[in-house]
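**Q** my_file-v2.pdb is reproduced below (PDB, C-alpha atoms).
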```pdb
ATOM      1  CA  MET A   1      86.538 100.816  16.378  1.00  0.00           C
ATOM      2  CA  HIS A   2      84.662 101.305  13.076  1.00  0.00           C
ATOM      3  CA  ALA A   3      86.617 102.152   9.840  1.00  0.00           C
ATOM      4  CA  PRO A   4      85.897 105.621   8.514  1.00  0.00           C
ATOM      5  CA  ILE A   5      83.310 105.775   5.735  1.00  0.00           C
ATOM      6  CA  ARG A   6      84.928 106.959   2.460  1.00  0.00           C
ATOM      7  CA  PRO A   7      82.952 109.021  -0.028  1.00  0.00           C
ATOM      8  CA  VAL A   8      81.439 107.023  -2.923  1.00  0.00           C
ATOM      9  CA  ALA A   9      83.412 109.034  -5.530  1.00  0.00           C
ATOM     10  CA  VAL A  10      86.688 108.017  -3.878  1.00  0.00           C
ATOM     11  CA  VAL A  11      85.673 104.353  -3.903  1.00  0.00           C
ATOM     12  CA  LEU A  12      84.763 104.463  -7.619  1.00  0.00           C
ATOM     13  CA  ALA A  13      88.010 106.237  -8.527  1.00  0.00           C
ATOM     14  CA  ALA A  14      90.024 103.639  -6.666  1.00  0.00           C
ATOM     15  CA  ALA A  15      88.186 100.828  -8.451  1.00  0.00           C
ATOM     16  CA  ALA A  16      88.873 102.378 -11.831  1.00  0.00           C
ATOM     17  CA  LEU A  17      92.540 102.792 -10.943  1.00  0.00           C
ATOM     18  CA  CYS A  18      92.794  99.141  -9.917  1.00  0.00           C
ATOM     19  CA  ALA A  19      91.172  98.054 -13.183  1.00  0.00           C
ATOM     20  CA  ALA A  20      93.684 100.125 -15.160  1.00  0.00           C
ATOM     21  CA  CYS A  21      96.547  98.619 -13.132  1.00  0.00           C
ATOM     22  CA  ALA A  22      95.254  95.148 -13.974  1.00  0.00           C
ATOM     23  CA  GLY A  23      95.330  95.936 -17.693  1.00  0.00           C
ATOM     24  CA  ALA A  24      91.582  96.180 -18.249  1.00  0.00           C
ATOM     25  CA  ALA A  25      90.723  98.212 -21.346  1.00  0.00           C
ATOM     26  CA  PRO A  26      88.188 100.983 -20.933  1.00  0.00           C
ATOM     27  CA  ALA A  27      84.843 100.300 -22.546  1.00  0.00           C
ATOM     28  CA  VAL A  28      84.446 101.782 -26.042  1.00  0.00           C
ATOM     29  CA  PRO A  29      80.951 103.054 -26.700  1.00  0.00           C
ATOM     30  CA  PRO A  30      79.336 101.531 -29.795  1.00  0.00           C
ATOM     31  CA  ASP A  31      78.839 103.639 -32.912  1.00  0.00           C
ATOM     32  CA  PRO A  32      75.427 105.247 -32.931  1.00  0.00           C
ATOM     33  CA  PRO A  33      72.839 103.643 -35.208  1.00  0.00           C
ATOM     34  CA  GLY A  34      73.142 104.778 -38.817  1.00  0.00           C
ATOM     35  CA  THR A  35      76.890 105.500 -38.654  1.00  0.00           C
ATOM     36  CA  PRO A  36      78.373 104.735 -42.110  1.00  0.00           C
ATOM     37  CA  GLY A  37      80.922 101.924 -42.259  1.00  0.00           C
ATOM     38  CA  PRO A  38      84.330 102.014 -43.952  1.00  0.00           C
ATOM     39  CA  VAL A  39      84.237 103.278 -47.528  1.00  0.00           C
ATOM     40  CA  PRO A  40      85.216 100.437 -49.920  1.00  0.00           C
ATOM     41  CA  PRO A  41      88.077 101.165 -52.309  1.00  0.00           C
ATOM     42  CA  PRO A  42      87.203 102.138 -55.872  1.00  0.00           C
ATOM     43  CA  VAL A  43      87.435  99.389 -58.465  1.00  0.00           C
ATOM     44  CA  VAL A  44      89.213  99.843 -61.795  1.00  0.00           C
ATOM     45  CA  VAL A  45      89.136  97.237 -64.558  1.00  0.00           C
ATOM     46  CA  LEU A  46      92.281  96.993 -66.674  1.00  0.00           C
ATOM     47  CA  ASP A  47      91.812  95.314 -70.035  1.00  0.00           C
ATOM     48  CA  PRO A  48      95.155  94.240 -71.548  1.00  0.00           C
ATOM     49  CA  GLY A  49      94.256  93.822 -75.213  1.00  0.00           C
ATOM     50  CA  HIS A  50      94.496  90.539 -77.182  1.00  0.00           C
ATOM     51  CA  ASN A  51      96.172  87.449 -75.641  1.00  0.00           C
ATOM     52  CA  GLY A  52      99.206  85.239 -76.123  1.00  0.00           C
ATOM     53  CA  GLY A  53      97.276  82.226 -77.406  1.00  0.00           C
ATOM     54  CA  ASN A  54      95.146  84.091 -79.937  1.00  0.00           C
ATOM     55  CA  ALA A  55      97.371  83.369 -82.930  1.00  0.00           C
ATOM     56  CA  ALA A  56      96.913  79.612 -82.432  1.00  0.00           C
ATOM     57  CA  ALA A  57      93.095  79.828 -82.363  1.00  0.00           C
ATOM     58  CA  PRO A  58      91.932  81.505 -85.593  1.00  0.00           C
ATOM     59  CA  ALA A  59      88.497  79.836 -85.560  1.00  0.00           C
ATOM     60  CA  ALA A  60      87.759  81.061 -82.038  1.00  0.00           C
ATOM     61  CA  LEU A  61      88.884  84.573 -82.923  1.00  0.00           C
ATOM     62  CA  ALA A  62      86.728  84.687 -86.043  1.00  0.00           C
ATOM     63  CA  ARG A  63      83.506  83.848 -84.181  1.00  0.00           C
ATOM     64  CA  PRO A  64      81.105  86.785 -84.551  1.00  0.00           C
ATOM     65  CA  VAL A  65      79.949  88.508 -81.373  1.00  0.00           C
ATOM     66  CA  PRO A  66      77.676  91.524 -80.778  1.00  0.00           C
ATOM     67  CA  ASP A  67      79.437  94.831 -81.431  1.00  0.00           C
ATOM     68  CA  GLY A  68      77.281  96.813 -79.021  1.00  0.00           C
ATOM     69  CA  ARG A  69      75.513  98.780 -81.765  1.00  0.00           C
ATOM     70  CA  GLY A  70      73.267  96.157 -83.321  1.00  0.00           C
ATOM     71  CA  GLY A  71      75.881  94.504 -85.531  1.00  0.00           C
ATOM     72  CA  THR A  72      78.621  91.928 -85.048  1.00  0.00           C
ATOM     73  CA  LYS A  73      82.381  91.742 -85.257  1.00  0.00           C
ATOM     74  CA  ALA A  74      85.075  89.135 -84.701  1.00  0.00           C
ATOM     75  CA  CYS A  75      85.593  87.852 -81.165  1.00  0.00           C
ATOM     76  CA  ASN A  76      89.159  89.174 -81.021  1.00  0.00           C
ATOM     77  CA  THR A  77      92.387  89.573 -83.001  1.00  0.00           C
ATOM     78  CA  THR A  78      96.041  88.751 -82.532  1.00  0.00           C
ATOM     79  CA  GLY A  79      97.126  92.388 -82.285  1.00  0.00           C
ATOM     80  CA  THR A  80     100.200  93.852 -83.894  1.00  0.00           C
ATOM     81  CA  SER A  81     103.946  93.686 -83.167  1.00  0.00           C
ATOM     82  CA  THR A  82     107.167  95.587 -83.674  1.00  0.00           C
ATOM     83  CA  ASP A  83     109.150  94.862 -86.833  1.00  0.00           C
ATOM     84  CA  ASP A  84     111.542  92.695 -84.827  1.00  0.00           C
ATOM     85  CA  GLY A  85     108.722  90.601 -83.351  1.00  0.00           C
ATOM     86  CA  TYR A  86     107.842  92.048 -79.952  1.00  0.00           C
ATOM     87  CA  PRO A  87     104.080  91.308 -79.778  1.00  0.00           C
ATOM     88  CA  GLU A  88     101.442  93.768 -78.734  1.00  0.00           C
ATOM     89  CA  HIS A  89      99.750  91.224 -76.442  1.00  0.00           C
ATOM     90  CA  ALA A  90     102.952  90.965 -74.382  1.00  0.00           C
ATOM     91  CA  PHE A  91     103.291  94.742 -74.205  1.00  0.00           C
ATOM     92  CA  ASN A  92      99.665  95.086 -73.097  1.00  0.00           C
ATOM     93  CA  TRP A  93     100.044  92.412 -70.415  1.00  0.00           C
ATOM     94  CA  ASP A  94     103.279  93.824 -69.003  1.00  0.00           C
ATOM     95  CA  LEU A  95     101.887  97.358 -69.003  1.00  0.00           C
ATOM     96  CA  ALA A  96      98.770  96.182 -67.142  1.00  0.00           C
ATOM     97  CA  GLN A  97     100.917  94.667 -64.368  1.00  0.00           C
ATOM     98  CA  ARG A  98     102.834  97.913 -63.950  1.00  0.00           C
ATOM     99  CA  VAL A  99      99.670 100.013 -63.866  1.00  0.00           C
ATOM    100  CA  ARG A 100      98.040  97.551 -61.482  1.00  0.00           C
ATOM    101  CA  GLN A 101     100.940  97.782 -59.049  1.00  0.00           C
ATOM    102  CA  ARG A 102     100.740 101.557 -58.924  1.00  0.00           C
ATOM    103  CA  LEU A 103      96.965 101.701 -58.554  1.00  0.00           C
ATOM    104  CA  GLU A 104      96.911  99.103 -55.790  1.00  0.00           C
ATOM    105  CA  ALA A 105      99.620 101.023 -53.945  1.00  0.00           C
ATOM    106  CA  ALA A 106      97.252 104.018 -54.078  1.00  0.00           C
ATOM    107  CA  GLY A 107      94.393 102.022 -52.521  1.00  0.00           C
ATOM    108  CA  VAL A 108      92.509 101.069 -55.694  1.00  0.00           C
ATOM    109  CA  ARG A 109      91.179  97.556 -56.236  1.00  0.00           C
ATOM    110  CA  VAL A 110      92.149  96.332 -59.718  1.00  0.00           C
ATOM    111  CA  VAL A 111      90.377  93.664 -61.773  1.00  0.00           C
ATOM    112  CA  LEU A 112      91.937  92.277 -64.975  1.00  0.00           C
ATOM    113  CA  THR A 113      89.944  90.973 -67.939  1.00  0.00           C
ATOM    114  CA  ARG A 114      92.354  88.064 -68.411  1.00  0.00           C
ATOM    115  CA  PRO A 115      94.479  86.174 -65.849  1.00  0.00           C
ATOM    116  CA  ASP A 116      97.656  85.707 -67.903  1.00  0.00           C
ATOM    117  CA  ASP A 117      99.202  86.098 -71.348  1.00  0.00           C
ATOM    118  CA  ASP A 118      98.877  82.464 -72.421  1.00  0.00           C
ATOM    119  CA  GLY A 119      95.187  82.071 -73.233  1.00  0.00           C
ATOM    120  CA  VAL A 120      92.683  82.865 -75.973  1.00  0.00           C
ATOM    121  CA  GLY A 121      90.310  85.834 -75.814  1.00  0.00           C
ATOM    122  CA  PRO A 122      88.183  86.785 -74.027  1.00  0.00           C
ATOM    123  CA  CYS A 123      85.960  88.144 -76.779  1.00  0.00           C
ATOM    124  CA  VAL A 124      85.488  91.884 -77.043  1.00  0.00           C
ATOM    125  CA  ASP A 125      81.885  91.789 -75.811  1.00  0.00           C
ATOM    126  CA  GLU A 126      82.969  89.919 -72.662  1.00  0.00           C
ATOM    127  CA  ARG A 127      85.728  92.427 -72.066  1.00  0.00           C
ATOM    128  CA  GLY A 128      83.228  95.239 -72.469  1.00  0.00           C
ATOM    129  CA  ALA A 129      80.912  93.731 -69.862  1.00  0.00           C
ATOM    130  CA  ALA A 130      83.693  93.326 -67.288  1.00  0.00           C
ATOM    131  CA  GLY A 131      83.351  96.816 -65.820  1.00  0.00           C
ATOM    132  CA  GLY A 132      79.662  96.394 -65.082  1.00  0.00           C
ATOM    133  CA  ARG A 133      80.211  92.986 -63.502  1.00  0.00           C
ATOM    134  CA  ALA A 134      82.912  94.413 -61.245  1.00  0.00           C
ATOM    135  CA  ARG A 135      80.894  97.550 -60.432  1.00  0.00           C
ATOM    136  CA  ALA A 136      83.955  99.468 -61.505  1.00  0.00           C
ATOM    137  CA  ALA A 137      84.446 103.200 -61.400  1.00  0.00           C
ATOM    138  CA  ALA A 138      86.361 103.018 -64.681  1.00  0.00           C
ATOM    139  CA  VAL A 139      87.668 100.642 -67.354  1.00  0.00           C
ATOM    140  CA  VAL A 140      90.962 101.260 -69.134  1.00  0.00           C
ATOM    141  CA  SER A 141      91.829  99.096 -72.128  1.00  0.00           C
ATOM    142  CA  LEU A 142      95.570  98.942 -72.884  1.00  0.00           C
ATOM    143  CA  HIS A 143      96.916  98.634 -76.429  1.00  0.00           C
ATOM    144  CA  ALA A 144      99.595  99.732 -78.875  1.00  0.00           C
ATOM    145  CA  ASP A 145      98.862 100.627 -82.495  1.00  0.00           C
ATOM    146  CA  GLY A 146     100.077  99.115 -85.772  1.00  0.00           C
ATOM    147  CA  ALA A 147      99.905 102.089 -88.134  1.00  0.00           C
ATOM    148  CA  ALA A 148     102.201 103.172 -90.973  1.00  0.00           C
ATOM    149  CA  ALA A 149     105.860 103.450 -90.005  1.00  0.00           C
ATOM    150  CA  SER A 150     105.804 107.217 -90.419  1.00  0.00           C
ATOM    151  CA  ALA A 151     102.975 107.636 -87.860  1.00  0.00           C
ATOM    152  CA  SER A 152     103.756 108.270 -84.216  1.00  0.00           C
ATOM    153  CA  GLY A 153     102.195 109.315 -80.944  1.00  0.00           C
ATOM    154  CA  PHE A 154      99.591 108.048 -78.501  1.00  0.00           C
ATOM    155  CA  HIS A 155      95.841 108.470 -78.588  1.00  0.00           C
ATOM    156  CA  VAL A 156      92.969 107.636 -76.243  1.00  0.00           C
ATOM    157  CA  ALA A 157      89.725 106.315 -77.728  1.00  0.00           C
ATOM    158  CA  HIS A 158      86.242 106.687 -76.289  1.00  0.00           C
ATOM    159  CA  ALA A 159      82.844 105.550 -77.594  1.00  0.00           C
ATOM    160  CA  ASP A 160      81.308 108.158 -79.882  1.00  0.00           C
ATOM    161  CA  PRO A 161      78.380 108.415 -80.121  1.00  0.00           C
ATOM    162  CA  PRO A 162      78.212 107.243 -76.509  1.00  0.00           C
ATOM    163  CA  VAL A 163      76.296 104.180 -75.373  1.00  0.00           C
ATOM    164  CA  HIS A 164      74.601 103.421 -72.020  1.00  0.00           C
ATOM    165  CA  GLY A 165      74.625 107.052 -70.902  1.00  0.00           C
ATOM    166  CA  THR A 166      78.305 107.019 -69.877  1.00  0.00           C
ATOM    167  CA  GLY A 167      79.480 109.462 -72.551  1.00  0.00           C
ATOM    168  CA  PRO A 168      80.386 112.503 -70.398  1.00  0.00           C
ATOM    169  CA  GLN A 169      82.209 110.398 -67.813  1.00  0.00           C
ATOM    170  CA  ALA A 170      83.986 108.344 -70.485  1.00  0.00           C
ATOM    171  CA  LEU A 171      85.175 111.514 -72.176  1.00  0.00           C
ATOM    172  CA  ARG A 172      86.381 112.850 -68.817  1.00  0.00           C
ATOM    173  CA  LEU A 173      88.294 109.596 -68.235  1.00  0.00           C
ATOM    174  CA  ALA A 174      89.825 109.726 -71.729  1.00  0.00           C
ATOM    175  CA  THR A 175      90.796 113.354 -71.216  1.00  0.00           C
ATOM    176  CA  ALA A 176      92.426 112.628 -67.843  1.00  0.00           C
ATOM    177  CA  LEU A 177      94.465 109.841 -69.458  1.00  0.00           C
ATOM    178  CA  ARG A 178      95.395 112.084 -72.415  1.00  0.00           C
ATOM    179  CA  ASP A 179      96.495 114.896 -70.126  1.00  0.00           C
ATOM    180  CA  ALA A 180      98.578 112.586 -67.931  1.00  0.00           C
ATOM    181  CA  LEU A 181     100.316 111.006 -70.917  1.00  0.00           C
ATOM    182  CA  ARG A 182     101.079 114.408 -72.359  1.00  0.00           C
ATOM    183  CA  SER A 183     102.384 115.616 -68.982  1.00  0.00           C
ATOM    184  CA  GLY A 184     104.508 112.469 -68.845  1.00  0.00           C
ATOM    185  CA  GLY A 185     106.360 113.561 -71.964  1.00  0.00           C
ATOM    186  CA  PHE A 186     104.441 111.598 -74.595  1.00  0.00           C
ATOM    187  CA  THR A 187     103.265 113.250 -77.804  1.00  0.00           C
ATOM    188  CA  PRO A 188      99.644 112.975 -78.972  1.00  0.00           C
ATOM    189  CA  ALA A 189      99.194 111.226 -82.314  1.00  0.00           C
ATOM    190  CA  GLY A 190      99.051 113.401 -85.403  1.00  0.00           C
ATOM    191  CA  TYR A 191      97.723 110.736 -87.765  1.00  0.00           C
ATOM    192  CA  LEU A 192      94.231 110.243 -86.319  1.00  0.00           C
ATOM    193  CA  GLY A 193      91.887 111.715 -83.739  1.00  0.00           C
ATOM    194  CA  GLN A 194      92.304 115.242 -82.449  1.00  0.00           C
ATOM    195  CA  ASP A 195      94.854 116.302 -79.860  1.00  0.00           C
ATOM    196  CA  GLY A 196      95.242 112.762 -78.540  1.00  0.00           C
ATOM    197  CA  LEU A 197      91.525 111.950 -78.281  1.00  0.00           C
ATOM    198  CA  HIS A 198      89.669 109.743 -80.758  1.00  0.00           C
ATOM    199  CA  GLY A 199      85.906 109.184 -80.620  1.00  0.00           C
ATOM    200  CA  ARG A 200      85.028 105.864 -82.286  1.00  0.00           C
ATOM    201  CA  PRO A 201      81.802 103.922 -82.827  1.00  0.00           C
ATOM    202  CA  ASP A 202      83.448 100.601 -83.796  1.00  0.00           C
ATOM    203  CA  LEU A 203      85.191  99.429 -80.622  1.00  0.00           C
ATOM    204  CA  ALA A 204      82.906  96.784 -79.137  1.00  0.00           C
ATOM    205  CA  GLY A 205      84.704  96.755 -75.800  1.00  0.00           C
ATOM    206  CA  LEU A 206      83.811 100.415 -75.300  1.00  0.00           C
ATOM    207  CA  ASN A 207      80.309 100.037 -76.755  1.00  0.00           C
ATOM    208  CA  HIS A 208      79.402  97.240 -74.325  1.00  0.00           C
ATOM    209  CA  SER A 209      80.681  99.000 -71.220  1.00  0.00           C
ATOM    210  CA  THR A 210      78.006 100.215 -68.828  1.00  0.00           C
ATOM    211  CA  VAL A 211      80.621 102.167 -66.845  1.00  0.00           C
ATOM    212  CA  PRO A 212      83.024 104.866 -68.094  1.00  0.00           C
ATOM    213  CA  ALA A 213      85.631 103.272 -70.366  1.00  0.00           C
ATOM    214  CA  ALA A 214      88.547 104.423 -72.501  1.00  0.00           C
ATOM    215  CA  LEU A 215      91.141 102.694 -74.665  1.00  0.00           C
ATOM    216  CA  VAL A 216      94.789 103.796 -74.660  1.00  0.00           C
ATOM    217  CA  GLU A 217      96.855 103.253 -77.812  1.00  0.00           C
ATOM    218  CA  ALA A 218     100.193 103.936 -76.165  1.00  0.00           C
ATOM    219  CA  GLY A 219     102.197 104.338 -79.365  1.00  0.00           C
ATOM    220  CA  ASN A 220     102.843 102.917 -82.823  1.00  0.00           C
ATOM    221  CA  MET A 221     104.720  99.611 -82.815  1.00  0.00           C
ATOM    222  CA  ARG A 222     105.570 100.048 -86.515  1.00  0.00           C
ATOM    223  CA  ASN A 223     107.418 103.293 -85.878  1.00  0.00           C
ATOM    224  CA  ALA A 224     111.071 102.468 -85.167  1.00  0.00           C
ATOM    225  CA  ALA A 225     111.608 105.054 -82.423  1.00  0.00           C
ATOM    226  CA  GLU A 226     108.362 104.270 -80.628  1.00  0.00           C
ATOM    227  CA  ALA A 227     108.941 100.526 -81.014  1.00  0.00           C
ATOM    228  CA  ARG A 228     112.159 100.857 -79.029  1.00  0.00           C
ATOM    229  CA  LEU A 229     110.322 102.722 -76.264  1.00  0.00           C
ATOM    230  CA  LEU A 230     107.389 100.302 -76.162  1.00  0.00           C
ATOM    231  CA  ALA A 231     109.706  97.274 -76.060  1.00  0.00           C
ATOM    232  CA  SER A 232     111.895  98.570 -73.227  1.00  0.00           C
ATOM    233  CA  PRO A 233     111.070  98.016 -69.526  1.00  0.00           C
ATOM    234  CA  GLN A 234     111.993 101.645 -68.871  1.00  0.00           C
ATOM    235  CA  GLY A 235     109.579 102.823 -71.548  1.00  0.00           C
ATOM    236  CA  ARG A 236     106.760 100.658 -70.225  1.00  0.00           C
ATOM    237  CA  ASP A 237     107.418 102.029 -66.756  1.00  0.00           C
ATOM    238  CA  ARG A 238     107.023 105.559 -68.102  1.00  0.00           C
ATOM    239  CA  TYR A 239     103.744 104.666 -69.777  1.00  0.00           C
ATOM    240  CA  ALA A 240     102.499 102.951 -66.620  1.00  0.00           C
ATOM    241  CA  GLY A 241     103.316 105.965 -64.479  1.00  0.00           C
ATOM    242  CA  ALA A 242     101.423 108.320 -66.763  1.00  0.00           C
ATOM    243  CA  ILE A 243      98.389 106.052 -67.171  1.00  0.00           C
ATOM    244  CA  SER A 244      98.174 105.469 -63.417  1.00  0.00           C
ATOM    245  CA  THR A 245      98.329 109.208 -62.811  1.00  0.00           C
ATOM    246  CA  GLY A 246      95.473 109.733 -65.254  1.00  0.00           C
ATOM    247  CA  VAL A 247      93.303 107.081 -63.619  1.00  0.00           C
ATOM    248  CA  LEU A 248      93.930 108.477 -60.133  1.00  0.00           C
ATOM    249  CA  GLU A 249      93.169 111.987 -61.350  1.00  0.00           C
ATOM    250  CA  TYR A 250      89.862 110.747 -62.759  1.00  0.00           C
ATOM    251  CA  LEU A 251      89.057 109.033 -59.440  1.00  0.00           C
ATOM    252  CA  GLY A 252      89.932 112.182 -57.507  1.00  0.00           C
ATOM    253  CA  ARG A 253      92.679 110.469 -55.523  1.00  0.00           C
TER     254      ARG A 253
END
```
Write the structure described by the file as structure tokens, please.

**A**
Amino acid sequence: MHAPIRPVAVVLAAAALCAACAGAAPAVPPDPPGTPGPVPPPVVVLDPGHNGGNAAAPAALARPVPDGRGGTKACNTTGTSTDDGYPEHAFNWDLAQRVRQRLEAAGVRVVLTRPDDDGVGPCVDERGAAGGRARAAAVVSLHADGAAASASGFHVAHADPPVHGTGPQALRLATALRDALRSGGFTPAGYLGQDGLHGRPDLAGLNHSTVPAALVEAGNMRNAAEARLLASPQGRDRYAGAISTGVLEYLGR
């Protein structure tokens, strides 16, 4: 006696069911041609100013390098310090690590202009070129000031007049950083600039940057009250939180 003929649809359904029972994964259709791939994370260059070995290399620091406006200036400097000896280079380095941690947690790729706090340089023109080499969305240079003891407050510098056509974006970056620092409870400087922003033509790191760049002077290390804040881990954490917020606001994240 012949077996009954089953409809083709029933046979195919049974085959699919057996494949599923055996653990076979269903075929995933390929993406159609021209489908965009994953969007790479934005890149931000952090430039912790100065370096721990600078003081021991005066000849290297004095070497003239292009200033980005047709002149020259010294390769780098030692930076300032608090009256009790906490150096700016150490503050800048520690602050960069705290900002880096927050930005990376938010999905940003971070590039530093120096690998540690024990070397010499790099020179200001090399630092300024770092953003272009990294194809960065922004460069933030991290510093603290060494003004008169009576001066206080932060300010954010940007290249003025602008160079390389990045002026509007650099000003927007500086403004985002200024606003975030102010929202974080920090007071804009009253001794220079205007309302926490300071346009400068003499900062070679900003002049050489082909991507939007700004320089944060977090506070005055010669002011006793601000020196205590800058030297404390809790204070540096506050600065890092505000600066990271400003960068992420600029990136639209």

**Q** Any chance you could resolve the PyMOL selection byres ((chain A and resi 200) around 12) against this file and give the residues as a list in words?

**A**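 Applied to this file, the PyMOL selection byres ((chain A and resi 200) around 12) selects Arg69, His155, Val156, Ala157, His158, Ala159, Asp160, Pro161, Pro162, Val163, Gly167, Leu171, Leu192, Gly193, Gln194, Leu197, His198, Gly199, Pro201, Asp202, Leu203, Ala204, Gly205, Leu206, Asn207, Ala214 and Leu215 of chain A.
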
**Q** Any idea what the distance is between atom CA of Ser209 of chain A and atom CA of Gly131 of chain A?

**A**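 Answer for the atom CA of Ser209 of chain A to atom CA of Gly131 of chain A separation: 6.4 Å.
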
**Q** Provide the atom CA of Pro87 of chain A to atom CA of Ala130 of chain A distance in Å, to one decimal place.

**A**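 Computing the Euclidean distance for atom CA of Pro87 of chain A and atom CA of Ala130 of chain A yields 24.0 Å.
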
**Q** Go through A:Gly71, A:Pro41, A:Gly190, A:Gly235 one by one, measure the shortest atom-to-atom distance of each to Ala105 of chain A using only C-alpha atoms, and give the residue with the smallest value.

**A** A:Pro41

**Q** For Val43 of chain A, which residue among A:Ala176, A:Ala129, A:Ala189, A:Leu251 is the nearest when counting only C-alpha atoms?

**A**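 For Val43 of chain A, the nearest of the candidates is A:Leu251.
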
**Q** May I have the protein, DNA and RNA residues with an atom at most 7 Å from (85.7, 100.9, -59.3), counting all atoms listed in the file in the file's coordinates, returned as a tab-separated table (two decimals) with C-alpha atoms, in the coordinates of the input?

**A**
```tsv
chain	number	residue	atom	x	y	z
A	42	PRO	CA	87.20	102.14	-55.87
A	43	VAL	CA	87.44	99.39	-58.46
A	44	VAL	CA	89.21	99.84	-61.80
A	135	ARG	CA	80.89	97.55	-60.43
A	136	ALA	CA	83.96	99.47	-61.50
A	137	ALA	CA	84.45	103.20	-61.40
A	138	ALA	CA	86.36	103.02	-64.68
```

**Q** What does the PyMOL selection byres ((chain A and resi 217) around 7) select in this file, as a list in words?

**A**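 On this input, the PyMOL selection byres ((chain A and resi 217) around 7) captures Leu142, His143, Ala144, Asp145, Phe154, His155, Val156, Leu215, Val216, Ala218 and Gly219 of chain A.
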
**Q** Atom CA of Ile243 of chain A to atom CA of Ala224 of chain A: how many Å, to one decimal?

**A**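 Here the two named atoms are 22.3 Å from each other.
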
**Q** Tell me which protein, DNA and RNA residues are within 10 Å of Ser150 of chain A, counting all atoms listed in the file, leaving out same-chain ones fewer than 6 positions away, and put them as JSON, numbers by chain.

**A** {"A": [191, 220, 222, 223, 224]}

**Q** Could you write out the selected residues, including C-alpha atoms, as a PDB file, in the frame of the given file?

**A**
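Written file, result.pdb:
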```pdb
ATOM      1  CA  TYR A 191      97.723 110.736 -87.765  1.00  0.00           C
ATOM      2  CA  ASN A 220     102.843 102.917 -82.823  1.00  0.00           C
ATOM      3  CA  ARG A 222     105.570 100.048 -86.515  1.00  0.00           C
ATOM      4  CA  ASN A 223     107.418 103.293 -85.878  1.00  0.00           C
ATOM      5  CA  ALA A 224     111.071 102.468 -85.167  1.00  0.00           C
TER       6      ALA A 224
END
```

**Q** Check the smallest atom-to-atom distance from each of A:Arg109, A:Arg172, A:Arg102, A:Arg228 to Ala242 of chain A using all atoms listed in the file, then report the winner.

**A**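 Closest to Ala242 of chain A of all the choices is A:Arg102.
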
**Q** Determine the nearest neighbour of Gly85 of chain A from the options A:Glu249, A:Pro233, A:Met221, A:Pro38, counting only C-alpha atoms.

**A**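 Among A:Glu249, A:Pro233, A:Met221, A:Pro38, it is A:Met221 that comes nearest to Gly85 of chain A.
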
**Q** With the PyMOL selection byres ((chain A and resi 91) around 9) as the selection, what would be picked from this file? Answer as a PyMOL selection string, please.

**A** chain A and resi 48+86-90+92-96+142-144+230-231+236

**Q** I need the residue nearest Gly128 of chain A from this list: A:Thr72, A:Ser152, A:Thr210, A:Ser81. Use only C-alpha atoms for the distance.

**A**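 Of the candidates, the smallest distance to Gly128 of chain A is held by A:Thr210.
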
**Q** From the set A:Ala60, A:Ala170, A:Val45, A:Val65, which residue has the shortest atom-to-atom contact distance to Val124 of chain A, counting all atoms listed in the file?

**A**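 Ranking A:Ala60, A:Ala170, A:Val45, A:Val65 by distance to Val124 of chain A, first place goes to A:Val65.
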